[in-house]
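Data from structure01.txt: compact mmCIF, C-alpha atoms
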# COMPACT_ATOMS: atom_id res chain seq x y z
CA MET A 284 72.38 -98.92 199.96
CA ARG A 285 68.75 -98.14 200.32
CA PRO A 286 67.31 -98.60 203.84
CA SER A 287 65.13 -101.70 203.95
CA ARG A 288 61.80 -101.87 205.68
CA PHE A 289 63.66 -103.27 208.66
CA HIS A 290 66.42 -100.74 208.74
CA PRO A 291 66.75 -99.07 212.15
CA ASN A 292 65.97 -95.72 210.57
CA HIS A 293 62.81 -97.16 209.07
CA VAL A 294 61.81 -98.59 212.45
CA THR A 295 62.37 -95.22 214.03
CA HIS A 296 60.07 -93.63 211.48
CA ARG A 297 57.45 -96.33 212.14
CA LEU A 298 57.65 -95.77 215.87
CA SER A 299 57.32 -92.06 215.37
CA ALA A 300 54.26 -92.60 213.20
CA VAL A 301 52.70 -94.86 215.78
CA SER A 302 53.48 -92.36 218.52
CA VAL A 303 51.74 -89.63 216.57
CA ALA A 304 48.79 -91.95 216.04
CA PHE A 305 48.53 -92.61 219.79
CA VAL A 306 48.83 -88.94 220.65
CA THR A 307 46.22 -88.03 218.07
CA ALA A 308 43.87 -90.75 219.28
CA GLY A 309 44.31 -89.50 222.82
CA MET A 310 43.51 -85.93 221.79
CA LEU A 311 40.43 -87.04 219.89
CA ALA A 312 39.26 -89.12 222.85
CA GLY A 313 39.54 -86.07 225.10
CA LEU A 314 37.30 -84.05 222.81
CA ALA A 315 34.65 -86.70 222.17
CA PRO A 316 31.28 -86.00 223.80
CA MET A 317 30.48 -88.29 226.69
CA THR A 318 27.25 -90.22 226.98
CA VAL A 319 25.07 -88.43 229.55
CA SER A 320 21.90 -88.96 231.50
CA ALA A 321 19.42 -86.28 232.47
CA GLY A 322 20.87 -83.87 235.00
CA GLU A 323 24.55 -84.49 234.20
CA ALA A 324 26.66 -81.89 232.43
CA THR A 325 27.99 -82.92 229.06
CA ALA A 326 31.25 -82.01 227.48
CA ALA A 327 29.12 -79.73 225.27
CA ARG A 328 27.99 -78.10 228.59
CA SER A 329 24.23 -78.20 228.52
CA LEU A 330 21.81 -79.32 231.19
CA ALA A 331 18.52 -81.08 230.47
CA VAL A 332 16.03 -79.56 232.89
CA ARG A 333 12.88 -81.09 234.28
CA GLU A 334 11.48 -79.07 237.18
CA SER A 335 8.32 -78.90 239.29
CA ILE A 336 7.45 -75.57 240.86
CA SER A 337 5.17 -74.84 243.76
CA ALA A 338 4.62 -71.26 244.96
CA THR A 339 2.23 -69.06 246.92
CA LEU A 340 1.30 -65.42 246.56
CA ARG A 341 3.68 -63.16 248.44
CA SER A 342 2.39 -59.78 247.22
CA HIS A 343 0.66 -58.12 244.30
CA ARG A 344 1.08 -54.76 242.62
CA GLY A 345 -2.23 -53.37 241.57
CA THR A 346 -4.42 -56.08 240.16
CA ARG A 347 -2.27 -57.40 237.35
CA ILE A 348 1.12 -58.17 238.89
CA LEU A 349 1.40 -61.21 241.13
CA ASN A 350 4.62 -61.92 243.03
CA GLU A 351 4.92 -65.56 244.01
CA GLN A 352 7.46 -67.36 246.17
CA GLY A 353 8.11 -71.06 246.60
CA HIS A 354 10.44 -73.85 245.62
CA GLY A 355 11.51 -75.85 242.61
CA SER A 356 12.27 -79.55 242.73
CA GLY A 357 13.78 -81.76 240.11
CA THR A 358 16.95 -81.04 238.17
CA ILE A 359 17.87 -77.94 240.20
CA PRO A 360 16.39 -77.90 243.71
CA CYS A 361 16.02 -74.23 244.49
CA SER A 362 14.09 -71.42 246.11
CA ILE A 363 12.11 -69.69 243.46
CA VAL A 364 10.61 -66.23 243.01
CA ILE A 365 8.16 -65.74 240.13
CA SER A 366 6.42 -62.60 238.97
CA LEU A 367 3.44 -62.73 236.61
CA THR A 368 2.05 -59.66 234.84
CA ILE A 369 -1.36 -60.73 233.60
CA ASN A 370 -3.31 -59.23 230.70
CA TYR A 371 -6.43 -60.72 229.18
CA THR A 372 -4.78 -63.47 227.17
CA GLN A 373 -1.08 -63.29 228.08
CA ALA A 374 1.12 -63.44 231.13
CA THR A 375 4.65 -62.07 231.22
CA ILE A 376 6.68 -64.26 233.55
CA THR A 377 10.02 -63.51 235.20
CA PHE A 378 11.67 -65.94 237.56
CA THR A 379 14.82 -66.53 239.61
CA CYS A 380 15.72 -70.00 240.80
CA SER A 381 18.32 -69.77 243.61
CA ALA A 382 20.19 -73.01 244.27
CA SER A 383 23.09 -73.76 246.60
CA ASN A 384 25.62 -73.43 243.77
CA GLY A 385 24.18 -70.44 241.93
CA ALA A 386 21.06 -68.91 240.48
CA ILE A 387 19.29 -68.85 237.12
CA SER A 388 16.92 -66.12 235.99
CA GLY A 389 14.66 -65.95 233.00
CA ARG A 390 11.75 -64.29 231.29
CA GLY A 391 8.99 -65.10 228.81
CA VAL A 392 5.52 -64.27 227.55
CA THR A 393 3.01 -67.09 227.76
CA ALA A 394 -0.59 -67.65 226.78
CA TYR A 395 -3.01 -67.17 229.69
CA TYR A 396 -6.66 -68.09 230.12
CA ALA A 397 -9.19 -68.66 232.87
CA SER A 398 -11.28 -71.79 233.23
CA GLY A 399 -13.43 -71.75 236.34
CA HIS A 400 -11.42 -71.81 239.55
CA VAL A 401 -8.15 -72.28 237.68
CA ALA A 402 -6.18 -70.04 235.35
CA ARG A 403 -3.58 -71.64 233.10
CA PHE A 404 -0.44 -70.32 231.46
CA SER A 405 1.80 -72.03 228.97
CA GLY A 406 4.67 -71.04 226.74
CA ALA A 407 8.38 -70.48 226.26
CA VAL A 408 10.67 -68.70 228.70
CA SER A 409 14.30 -67.80 228.03
CA VAL A 410 17.17 -68.03 230.47
CA THR A 411 18.53 -64.50 230.64
CA ARG A 412 21.31 -64.66 233.22
CA GLY A 413 22.90 -66.76 235.92
CA SER A 414 25.37 -66.70 238.77
CA GLY A 415 27.79 -69.13 240.41
CA SER A 416 27.81 -72.44 238.53
CA TYR A 417 25.25 -70.95 236.15
CA SER A 418 27.07 -67.72 235.40
CA HIS A 419 27.08 -68.44 231.65
CA ALA A 420 23.59 -69.95 231.57
CA GLY A 421 21.39 -69.55 228.52
CA GLY A 422 18.71 -71.44 226.67
CA SER A 423 14.99 -71.84 226.26
CA LEU A 424 12.55 -73.64 228.54
CA HIS A 425 8.87 -74.47 228.29
CA ILE A 426 6.61 -73.70 231.26
CA ASP A 427 3.16 -75.15 231.78
CA GLY A 428 1.37 -74.01 234.89
CA LYS A 429 -1.80 -73.09 236.69
CA LEU A 430 -2.97 -70.58 239.28
CA ARG A 431 -5.74 -71.27 241.73
CA ARG A 432 -7.97 -68.21 241.26
CA GLY A 433 -8.71 -66.54 244.58
CA SER A 434 -5.72 -67.88 246.50
CA TYR A 435 -3.30 -67.54 243.54
CA ALA A 436 -1.39 -70.66 244.59
CA LEU A 437 0.84 -71.61 241.68
CA ALA A 438 1.98 -74.97 240.34
CA ALA A 439 4.04 -75.42 237.19
CA LYS A 440 6.23 -77.82 235.23
CA VAL A 441 9.33 -76.58 233.43
CA GLU A 442 11.23 -78.54 230.80
CA GLY A 443 14.01 -77.72 228.41
CA SER A 444 17.73 -77.34 228.03
CA VAL A 445 20.04 -74.82 229.72
CA ARG A 446 23.45 -74.02 228.26
CA LEU A 447 26.06 -73.72 230.99
CA MET B 295 -39.02 -70.26 217.75
CA ARG B 296 -36.17 -72.77 217.90
CA PRO B 297 -32.63 -71.40 217.77
CA LYS B 298 -30.39 -72.64 215.01
CA ARG B 299 -26.98 -74.17 215.55
CA ILE B 300 -24.07 -71.93 216.37
CA LEU B 301 -21.97 -71.12 213.30
CA SER B 302 -18.35 -72.10 212.82
CA ALA B 303 -16.25 -69.83 215.02
CA THR B 304 -13.24 -69.74 212.75
CA ALA B 305 -15.11 -68.76 209.63
CA MET B 306 -17.06 -65.96 211.21
CA ILE B 307 -14.21 -64.52 213.24
CA MET B 308 -12.17 -64.38 210.06
CA SER B 309 -14.92 -62.28 208.55
CA LEU B 310 -14.37 -59.77 211.32
CA THR B 311 -10.66 -59.48 210.74
CA LEU B 312 -10.10 -59.96 207.01
CA ALA B 313 -11.88 -58.28 204.11
CA SER B 314 -13.95 -55.30 205.12
CA PRO B 315 -17.61 -55.86 204.39
CA ALA B 316 -19.48 -52.92 202.99
CA LEU B 317 -20.60 -50.52 205.66
CA ALA B 318 -24.31 -50.75 206.19
CA THR B 319 -26.71 -47.87 206.28
CA VAL B 320 -27.42 -49.44 209.65
CA GLY B 321 -25.56 -47.76 212.51
CA VAL B 322 -24.65 -48.84 216.00
CA LYS B 323 -24.17 -46.93 219.22
CA LEU B 324 -22.11 -48.19 222.10
CA LYS B 325 -22.21 -47.07 225.70
CA VAL B 326 -19.85 -48.39 228.37
CA ASP B 327 -19.35 -47.44 231.98
CA PHE B 328 -17.64 -48.74 235.12
CA THR B 329 -19.16 -49.16 238.57
CA PRO B 330 -17.13 -48.08 240.52
CA ASN B 331 -14.78 -46.02 238.37
CA ARG B 332 -11.63 -45.76 240.52
CA PRO B 333 -8.07 -46.84 239.74
CA ASN B 334 -7.39 -50.46 240.68
CA ALA B 335 -10.94 -50.94 241.94
CA SER B 336 -12.77 -54.20 241.35
CA THR B 337 -15.41 -53.01 238.93
CA THR B 338 -18.47 -54.02 236.95
CA ILE B 339 -18.35 -53.12 233.27
CA HIS B 340 -21.76 -51.99 232.00
CA PHE B 341 -21.93 -52.12 228.22
CA GLY B 342 -24.78 -51.69 225.81
CA PHE B 343 -25.21 -51.38 222.08
CA THR B 344 -28.17 -50.25 219.97
CA VAL B 345 -28.60 -50.93 216.27
CA ASN B 346 -30.14 -47.97 214.44
CA THR B 347 -31.84 -48.31 211.09
CA PRO B 348 -33.30 -45.74 208.70
CA ARG B 349 -37.01 -45.24 209.22
CA GLY B 350 -36.98 -47.71 212.13
CA ALA B 351 -36.88 -50.80 209.93
CA VAL B 352 -35.84 -54.12 211.43
CA PRO B 353 -32.14 -54.54 210.67
CA SER B 354 -30.57 -57.58 209.15
CA PRO B 355 -29.82 -59.98 212.02
CA VAL B 356 -26.53 -59.56 213.83
CA THR B 357 -24.36 -62.60 213.22
CA ALA B 358 -21.10 -61.59 214.93
CA ILE B 359 -20.01 -59.13 217.59
CA ALA B 360 -16.46 -58.12 218.48
CA LEU B 361 -16.04 -55.98 221.60
CA GLN B 362 -12.52 -54.63 221.89
CA LEU B 363 -11.44 -54.14 225.51
CA PRO B 364 -9.01 -51.46 226.69
CA VAL B 365 -5.37 -52.07 227.50
CA GLY B 366 -4.64 -52.30 231.23
CA MET B 367 -7.54 -54.33 232.56
CA GLY B 368 -7.09 -58.05 232.12
CA LEU B 369 -7.92 -61.10 234.17
CA GLY B 370 -5.30 -60.67 236.92
CA LEU B 371 -7.05 -60.83 240.27
CA THR B 372 -10.63 -61.26 239.10
CA THR B 373 -12.54 -64.27 240.46
CA LEU B 374 -15.49 -63.88 238.10
CA GLY B 375 -16.63 -67.25 236.81
CA GLU B 376 -15.16 -69.51 239.51
CA GLU B 377 -17.06 -72.44 238.08
CA VAL B 378 -17.54 -73.53 234.48
CA CYS B 379 -20.90 -73.98 232.80
CA THR B 380 -21.01 -75.99 229.58
CA PRO B 381 -23.23 -75.25 226.55
CA SER B 382 -24.77 -78.73 226.75
CA ARG B 383 -25.82 -78.16 230.36
CA LEU B 384 -27.34 -74.78 229.52
CA GLU B 385 -29.20 -76.25 226.56
CA ALA B 386 -30.51 -79.17 228.59
CA ARG B 387 -31.37 -77.45 231.87
CA GLY B 388 -31.20 -73.71 231.30
CA PRO B 389 -29.40 -71.28 233.62
CA ALA B 390 -30.67 -73.13 236.70
CA GLY B 391 -28.54 -76.09 235.64
CA CYS B 392 -25.32 -74.17 236.21
CA SER B 393 -23.58 -73.17 239.41
CA GLN B 394 -24.29 -69.65 240.65
CA ASN B 395 -20.51 -69.28 240.80
CA ALA B 396 -20.31 -69.59 237.00
CA LEU B 397 -22.35 -66.41 236.46
CA MET B 398 -20.31 -63.42 235.27
CA GLY B 399 -22.93 -60.89 234.20
CA LEU B 400 -26.59 -60.06 233.71
CA GLY B 401 -28.53 -58.01 231.20
CA ARG B 402 -31.37 -57.62 228.76
CA ALA B 403 -31.80 -57.68 225.02
CA LEU B 404 -34.46 -56.38 222.68
CA ILE B 405 -35.34 -58.68 219.79
CA GLU B 406 -37.42 -57.55 216.82
CA LEU B 407 -39.22 -59.72 214.31
CA PRO B 408 -40.94 -58.31 211.19
CA VAL B 409 -44.38 -59.85 210.68
CA GLY B 410 -45.95 -58.41 207.58
CA THR B 411 -45.98 -54.67 208.10
CA GLN B 412 -45.80 -55.01 211.85
CA ILE B 413 -42.79 -55.41 214.12
CA VAL B 414 -43.08 -57.81 217.02
CA ARG B 415 -40.76 -56.85 219.88
CA SER B 416 -39.60 -59.19 222.60
CA THR B 417 -37.49 -58.46 225.63
CA ALA B 418 -35.06 -61.18 226.60
CA ALA B 419 -33.00 -61.83 229.72
CA VAL B 420 -29.26 -62.16 229.21
CA LYS B 421 -26.94 -64.16 231.45
CA ILE B 422 -23.21 -64.51 230.92
CA PHE B 423 -21.49 -67.64 232.22
CA MET B 424 -17.88 -68.81 232.37
CA GLY B 425 -17.59 -71.45 229.65
CA PRO B 426 -15.03 -74.14 228.92
CA PRO B 427 -11.93 -72.66 227.28
CA VAL B 428 -11.47 -72.93 223.52
CA ARG B 429 -8.03 -72.92 221.87
CA HIS B 430 -6.49 -71.83 225.21
CA HIS B 431 -8.78 -68.78 225.28
CA THR B 432 -11.15 -67.74 228.07
CA VAL B 433 -14.76 -68.22 226.94
CA MET B 434 -17.93 -66.50 228.15
CA LEU B 435 -21.26 -68.06 227.27
CA PHE B 436 -24.12 -65.67 226.47
CA ASP B 437 -27.51 -67.15 227.26
CA VAL B 438 -30.38 -65.03 225.89
CA ILE B 439 -33.88 -66.14 226.86
CA SER B 440 -37.09 -64.54 225.63
CA VAL B 441 -40.45 -65.64 226.98
CA THR B 442 -43.18 -63.41 225.57
CA PRO B 443 -44.56 -62.67 223.12
CA VAL B 444 -41.99 -64.85 221.37
CA SER B 445 -40.40 -67.79 223.15
CA ALA B 446 -36.77 -68.25 222.19
CA GLU B 447 -33.41 -69.11 223.68
CA ILE B 448 -30.15 -68.46 221.95
CA LEU B 449 -26.78 -69.47 223.28
CA PHE B 450 -23.50 -68.24 221.90
CA PRO B 451 -19.90 -68.24 223.10
CA GLY B 452 -17.71 -65.17 223.41
CA GLU B 453 -14.03 -65.97 223.02
CA LEU B 454 -11.43 -63.64 224.56
CA VAL B 455 -8.74 -63.32 221.90
CA PRO B 456 -5.56 -61.24 221.87
CA ASP B 457 -5.59 -57.77 220.40
CA MET B 458 -3.11 -54.88 220.16
CA GLY B 459 -0.05 -57.08 220.46
CA GLY B 460 -1.57 -59.02 223.32
CA LEU B 461 -1.96 -56.09 225.67
CA GLY B 462 -5.65 -55.66 224.88
CA ALA B 463 -8.25 -58.20 223.91
CA SER B 464 -11.39 -58.61 221.87
CA LEU B 465 -14.41 -60.53 223.05
CA ASP B 466 -15.48 -62.19 219.81
CA THR B 467 -18.96 -63.70 219.71
CA LEU B 468 -20.93 -65.46 217.01
CA VAL B 469 -24.68 -64.89 217.23
CA PRO B 470 -26.87 -67.68 215.85
CA VAL B 471 -29.70 -66.87 213.51
CA ILE B 472 -33.03 -66.69 215.33
CA ALA B 473 -35.39 -68.36 212.89
CA SER B 474 -39.12 -67.78 213.20
CA TRP B 475 -41.15 -70.12 211.01
CA PRO B 476 -40.73 -71.53 207.50
CA GLU B 477 -40.81 -68.68 204.98
CA GLY B 478 -40.73 -66.21 207.86
CA ALA B 479 -38.08 -63.56 208.43
CA ASP B 480 -35.37 -64.11 211.00
CA ALA B 481 -35.52 -62.12 214.23
CA SER B 482 -32.85 -59.55 215.07
CA VAL B 483 -31.18 -58.50 218.30
CA VAL B 484 -31.44 -54.71 218.04
CA ARG B 485 -30.32 -53.76 221.52
CA MET B 486 -28.36 -55.38 224.30
CA GLN B 487 -27.35 -54.04 227.69
CA SER B 488 -25.36 -56.16 230.04
CA SER B 489 -22.97 -56.09 232.93
CA LEU B 490 -19.76 -58.01 233.34
CA GLY B 491 -18.76 -57.94 236.97
CA PRO B 492 -19.75 -58.53 240.59
CA GLU B 493 -22.66 -56.07 240.82
CA HIS B 494 -25.84 -58.07 241.54
CA LEU B 495 -23.85 -61.32 241.68
CA THR B 496 -23.65 -63.55 244.75
CA TYR B 497 -21.38 -66.58 244.94
CA TYR B 498 -21.40 -69.28 247.59
CA ARG B 499 -18.83 -71.48 249.22
CA ARG B 500 -18.73 -73.97 252.08
CA VAL B 501 -16.93 -72.89 255.24
CA HIS B 502 -16.89 -75.45 258.05
CA GLY B 503 -20.01 -77.05 256.63
CA HIS B 504 -21.90 -73.78 256.32
CA ARG B 505 -22.94 -72.15 253.05
CA VAL B 506 -21.40 -68.69 253.00
CA ALA B 507 -22.30 -66.00 250.48
CA TYR B 508 -19.69 -63.68 249.04
CA ARG B 509 -19.16 -61.33 246.15
CA PRO B 510 -16.59 -62.20 243.47
CA ILE B 511 -13.80 -59.84 242.50
CA GLY B 512 -14.32 -58.14 239.16
CA MET B 513 -11.83 -56.97 236.58
CA ALA B 514 -9.93 -53.97 237.82
CA VAL B 515 -10.05 -50.41 236.55
CA PRO B 516 -6.55 -49.76 235.19
CA ALA B 517 -4.16 -47.90 237.45
CA SER B 518 -3.46 -45.25 234.82
CA CYS B 519 -6.04 -43.65 232.58
CA PRO B 520 -5.30 -42.55 229.01
CA ARG B 521 -6.25 -39.00 228.07
CA VAL B 522 -9.23 -40.14 226.00
CA GLY B 523 -10.42 -42.47 228.74
CA TYR B 524 -10.74 -46.26 228.63
CA ARG B 525 -11.62 -47.05 225.03
CA PHE B 526 -14.04 -49.79 224.02
CA VAL B 527 -14.81 -50.50 220.35
CA ILE B 528 -17.65 -52.66 219.07
CA LYS B 529 -18.00 -54.08 215.60
CA LEU B 530 -21.17 -55.82 214.44
CA VAL B 531 -21.46 -58.02 211.37
CA PHE B 532 -24.93 -58.59 209.93
CA ALA B 533 -26.46 -61.44 207.97
CA ASP B 534 -26.48 -59.29 204.81
CA GLU B 535 -22.66 -59.16 205.15
CA THR B 536 -22.57 -55.51 206.10
CA SER B 537 -20.99 -54.22 209.29
CA ALA B 538 -21.12 -51.30 211.67
CA GLN B 539 -18.72 -50.00 214.30
CA ALA B 540 -18.86 -47.69 217.31
CA VAL B 541 -16.53 -46.40 220.01
CA SER B 542 -17.18 -45.60 223.66
CA ASP B 543 -14.61 -43.99 225.94
CA VAL B 544 -15.19 -44.46 229.67
CA PRO B 545 -14.04 -41.15 231.17
CA CYS B 546 -11.31 -40.97 233.77
CA ARG B 547 -12.76 -40.05 237.13
CA HIS B 548 -9.54 -39.50 239.05
Please express what this file holds, its structure, as structure tokens.
Amino acid sequence: MRPSRFHPNHVTHRLSAVSVAFVTAGMLAGLAPMTVSAGEATAARSLAVRESISATLRSHRGTRILNEQGHGSGTIPCSIVISLTINYTQATITFTCSASNGAISGRGVTAYYASGHVARFSGAVSVTRGSGSYSHAGGSLHIDGKLRRGSYALAAKVEGSVRL
Amino acid sequence: MRPKRILSATAMIMSLTLASPALATVGVKLKVDFTPNRPNASTTIHFGFTVNTPRGAVPSPVTAIALQLPVGMGLGLTTLGEEVCTPSRLEARGPAGCSQNALMGLGRALIELPVGTQIVRSTAAVKIFMGPPVRHHTVMLFDVISVTPVSAEILFPGELVPDMGGLGASLDTLVPVIASWPEGADASVVRMQSSLGPEHLTYYRRVHGHRVAYRPIGMAVPASCPRVGYRFVIKLVFADETSAQAVSDVPCRH
């Protein structure tokens, strides 16, 4: 006699199929990316960064290398050290942002020009290394900043995405 | 004489960098020096060029100048041009209409104008001002004023553009045609000597309500000197579409 649709064996098979469906759905739910807001880590592990930097001149090497120190506020509140090597039309920037849970460092070459009492720099910087919570950090950021010529006080905005 | 409008920057700068115009029988000499000439010192760059022609004829007018600056200087700590002077202000009110703190350099130019078989020569004062930036490039405005025997004022911007992979730079300027009168020949700048730096410059600022004079910081002599010295290269383009080039190496004095 062939098992009917309502044969216990058939029911067992149906339950097994349903069980697999539930397990599969659960697995898929665990892997689905979560909806995020700025500043929260996603399941894909990237951080949208929006930072304001304020720094003052700490030292200079010769006349082209300025070493600045200050703080960053925004996505990653941190102490920040920035070095600018300035040519005629470019500035090479290196930075380290040290937060309570780790540090992020980066480097980039930006356009640079003087306009009266202000010099401006703008361009892409890459995250090159990290420590602590940012030990696997990477990504590209855009920096837009200005230096007060004479005092070399620095103010900048940084935006972009950091892979964690 | 009324100066003509400044030519399109893009078109003329392309002529400096693309196809090589035929070399003219006209030559150019360039002389550059630093005061002081010490590593890392805030310095004034003295530069001058002279256009030489066969048999002393008046050359075709210069329409573009590119002065290539050596690697290692740059704008780092210089405070030259702490204020900005705009072309419209210079045209309307002359140099007196701009802040003293916008001045970056001073010099003289010799202008020649052929009149029949004669050559009329006029000495002009040159002032270099910090201008508003263009395309995210530092701009220096050259204001050339001649009084006698020919009255003329020409104003042209020099744009600091990247060179040598961004480590050096070229100060690219477009020189407007100096027209004389209808049917007359155009005048030519045949010599220019100018400084770019704090020598002979005085800036002012307010400290506790008092006007205090001070000297700006110039560009710095590079810390290390190449064996040939600090190399400057000038290229001139003329209205007859020929060009001439010259090199000047500022010797190492340390």
>> Give me, as a ChimeraX atom specification, the residues of chain B touching chain A, with the criterion being at most 8 Å (counting all atoms listed in the file).
In response: /B:334,366-373,375-378,396,424-427,430-432,454-456,460-463,514,517
>> If we count only C-alpha atoms and set the cut-off at 6 Å, which residues sit around stretch 434-440 of chain B, ignoring sequence neighbours fewer than 3 positions away in its own chain? Please answer as a list in words.
In response: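 Result of the neighbour search: Ala418, Ala419, Val420, Lys421, Ile422, Phe423, Met424, Gly425, Ser445, Ala446, Glu447, Ile448, Leu449, Phe450, Pro451 and Gly452 of chain B.
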>> Using Å and a single decimal, report how far atom CA of A:Thr358 sits from atom CA of A:Ala436.
In response: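 One can read the atom CA of A:Ala436 to atom CA of A:Thr358 distance as 22.0 Å.
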> Please, what distance in Å, to one decimal, runs between atom CA of B:Gly321 and atom CA of B:Ala479?
Replying inline: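 We find that atom CA of B:Gly321 and atom CA of B:Ala479 lie 20.6 Å from each other.
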>> Quick one: residues within 12 Å of A:Leu424, all atoms listed in the file, excluding same-chain residues fewer than 5 positions away - as number ranges by chain?
In response: A: 330-334, 378, 387-393, 405-411, 440-446
With C-alpha atoms retained, write the just-selected residues as a PDB file, keeping the file's coordinate frame.
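Full text of result.pdb as output:
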ATOM      1  CA  LEU A 330      21.810 -79.320 231.190  1.00  0.00           C
ATOM      2  CA  ALA A 331      18.520 -81.080 230.470  1.00  0.00           C
ATOM      3  CA  VAL A 332      16.030 -79.560 232.890  1.00  0.00           C
ATOM      4  CA  ARG A 333      12.880 -81.090 234.280  1.00  0.00           C
ATOM      5  CA  GLU A 334      11.480 -79.070 237.180  1.00  0.00           C
ATOM      6  CA  PHE A 378      11.670 -65.940 237.560  1.00  0.00           C
ATOM      7  CA  ILE A 387      19.290 -68.850 237.120  1.00  0.00           C
ATOM      8  CA  SER A 388      16.920 -66.120 235.990  1.00  0.00           C
ATOM      9  CA  GLY A 389      14.660 -65.950 233.000  1.00  0.00           C
ATOM     10  CA  ARG A 390      11.750 -64.290 231.290  1.00  0.00           C
ATOM     11  CA  GLY A 391       8.990 -65.100 228.810  1.00  0.00           C
ATOM     12  CA  VAL A 392       5.520 -64.270 227.550  1.00  0.00           C
ATOM     13  CA  THR A 393       3.010 -67.090 227.760  1.00  0.00           C
ATOM     14  CA  SER A 405       1.800 -72.030 228.970  1.00  0.00           C
ATOM     15  CA  GLY A 406       4.670 -71.040 226.740  1.00  0.00           C
ATOM     16  CA  ALA A 407       8.380 -70.480 226.260  1.00  0.00           C
ATOM     17  CA  VAL A 408      10.670 -68.700 228.700  1.00  0.00           C
ATOM     18  CA  SER A 409      14.300 -67.800 228.030  1.00  0.00           C
ATOM     19  CA  VAL A 410      17.170 -68.030 230.470  1.00  0.00           C
ATOM     20  CA  THR A 411      18.530 -64.500 230.640  1.00  0.00           C
ATOM     21  CA  LYS A 440       6.230 -77.820 235.230  1.00  0.00           C
ATOM     22  CA  VAL A 441       9.330 -76.580 233.430  1.00  0.00           C
ATOM     23  CA  GLU A 442      11.230 -78.540 230.800  1.00  0.00           C
ATOM     24  CA  GLY A 443      14.010 -77.720 228.410  1.00  0.00           C
ATOM     25  CA  SER A 444      17.730 -77.340 228.030  1.00  0.00           C
ATOM     26  CA  VAL A 445      20.040 -74.820 229.720  1.00  0.00           C
ATOM     27  CA  ARG A 446      23.450 -74.020 228.260  1.00  0.00           C
TER      28      ARG A 446
END
>> Can you measure atom CA of B:His340 to atom CA of B:Gly399 for me? One decimal in Å is fine.
In response: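 Going from atom CA of B:His340 over to atom CA of B:Gly399, I get 9.2 Å.
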> Pick the closest to B:Gln362 from B:Tyr508, B:Val471, B:Gly491, B:Asp466: which is it, counting only C-alpha atoms?
Replying inline: B:Asp466
> What's the 7 Å shell around B:Met486, counting all atoms listed in the file, without same-chain residues fewer than 3 positions away, as a list in words?
Replying inline: Gly342, Phe343, Thr344, Arg402, Ala403 and Leu404 of chain B
What would the file be for stretch 518-547 of chain B if you keep C-alpha atoms and write it as a short mmCIF file (atom, residue, chain, number, x, y, z; two decimals), in the first residue's frame?
data_model
loop_
_atom_site.label_atom_id
_atom_site.label_comp_id
_atom_site.auth_asym_id
_atom_site.auth_seq_id
_atom_site.Cartn_x
_atom_site.Cartn_y
_atom_site.Cartn_z
CA SER B 518 69.93 70.40 0.63
CA CYS B 519 71.50 71.77 -2.53
CA PRO B 520 71.83 69.73 -5.73
CA ARG B 521 75.27 69.59 -7.33
CA VAL B 522 74.26 71.94 -10.15
CA GLY B 523 72.65 74.38 -7.74
CA TYR B 524 69.00 75.41 -7.53
CA ARG B 525 67.73 75.25 -11.09
CA PHE B 526 65.27 77.74 -12.56
CA VAL B 527 64.06 77.43 -16.17
CA ILE B 528 62.18 80.11 -18.08
CA LYS B 529 60.24 79.63 -21.28
CA LEU B 530 58.84 82.55 -23.25
CA VAL B 531 56.22 82.31 -25.97
CA PHE B 532 55.95 85.19 -28.43
CA ALA B 533 53.06 86.57 -30.46
CA ASP B 534 54.61 85.15 -33.66
CA GLU B 535 54.20 81.69 -32.06
CA THR B 536 57.91 81.17 -31.55
CA SER B 537 59.47 80.44 -28.18
CA ALA B 538 62.75 80.72 -26.33
CA GLN B 539 64.10 79.06 -23.20
CA ALA B 540 66.89 79.67 -20.70
CA VAL B 541 68.26 78.10 -17.53
CA SER B 542 69.76 79.68 -14.44
CA ASP B 543 71.34 77.69 -11.61
CA VAL B 544 71.61 79.50 -8.28
CA PRO B 545 74.91 78.23 -6.85
CA CYS B 546 75.12 76.48 -3.52
CA ARG B 547 76.82 78.69 -0.98
#
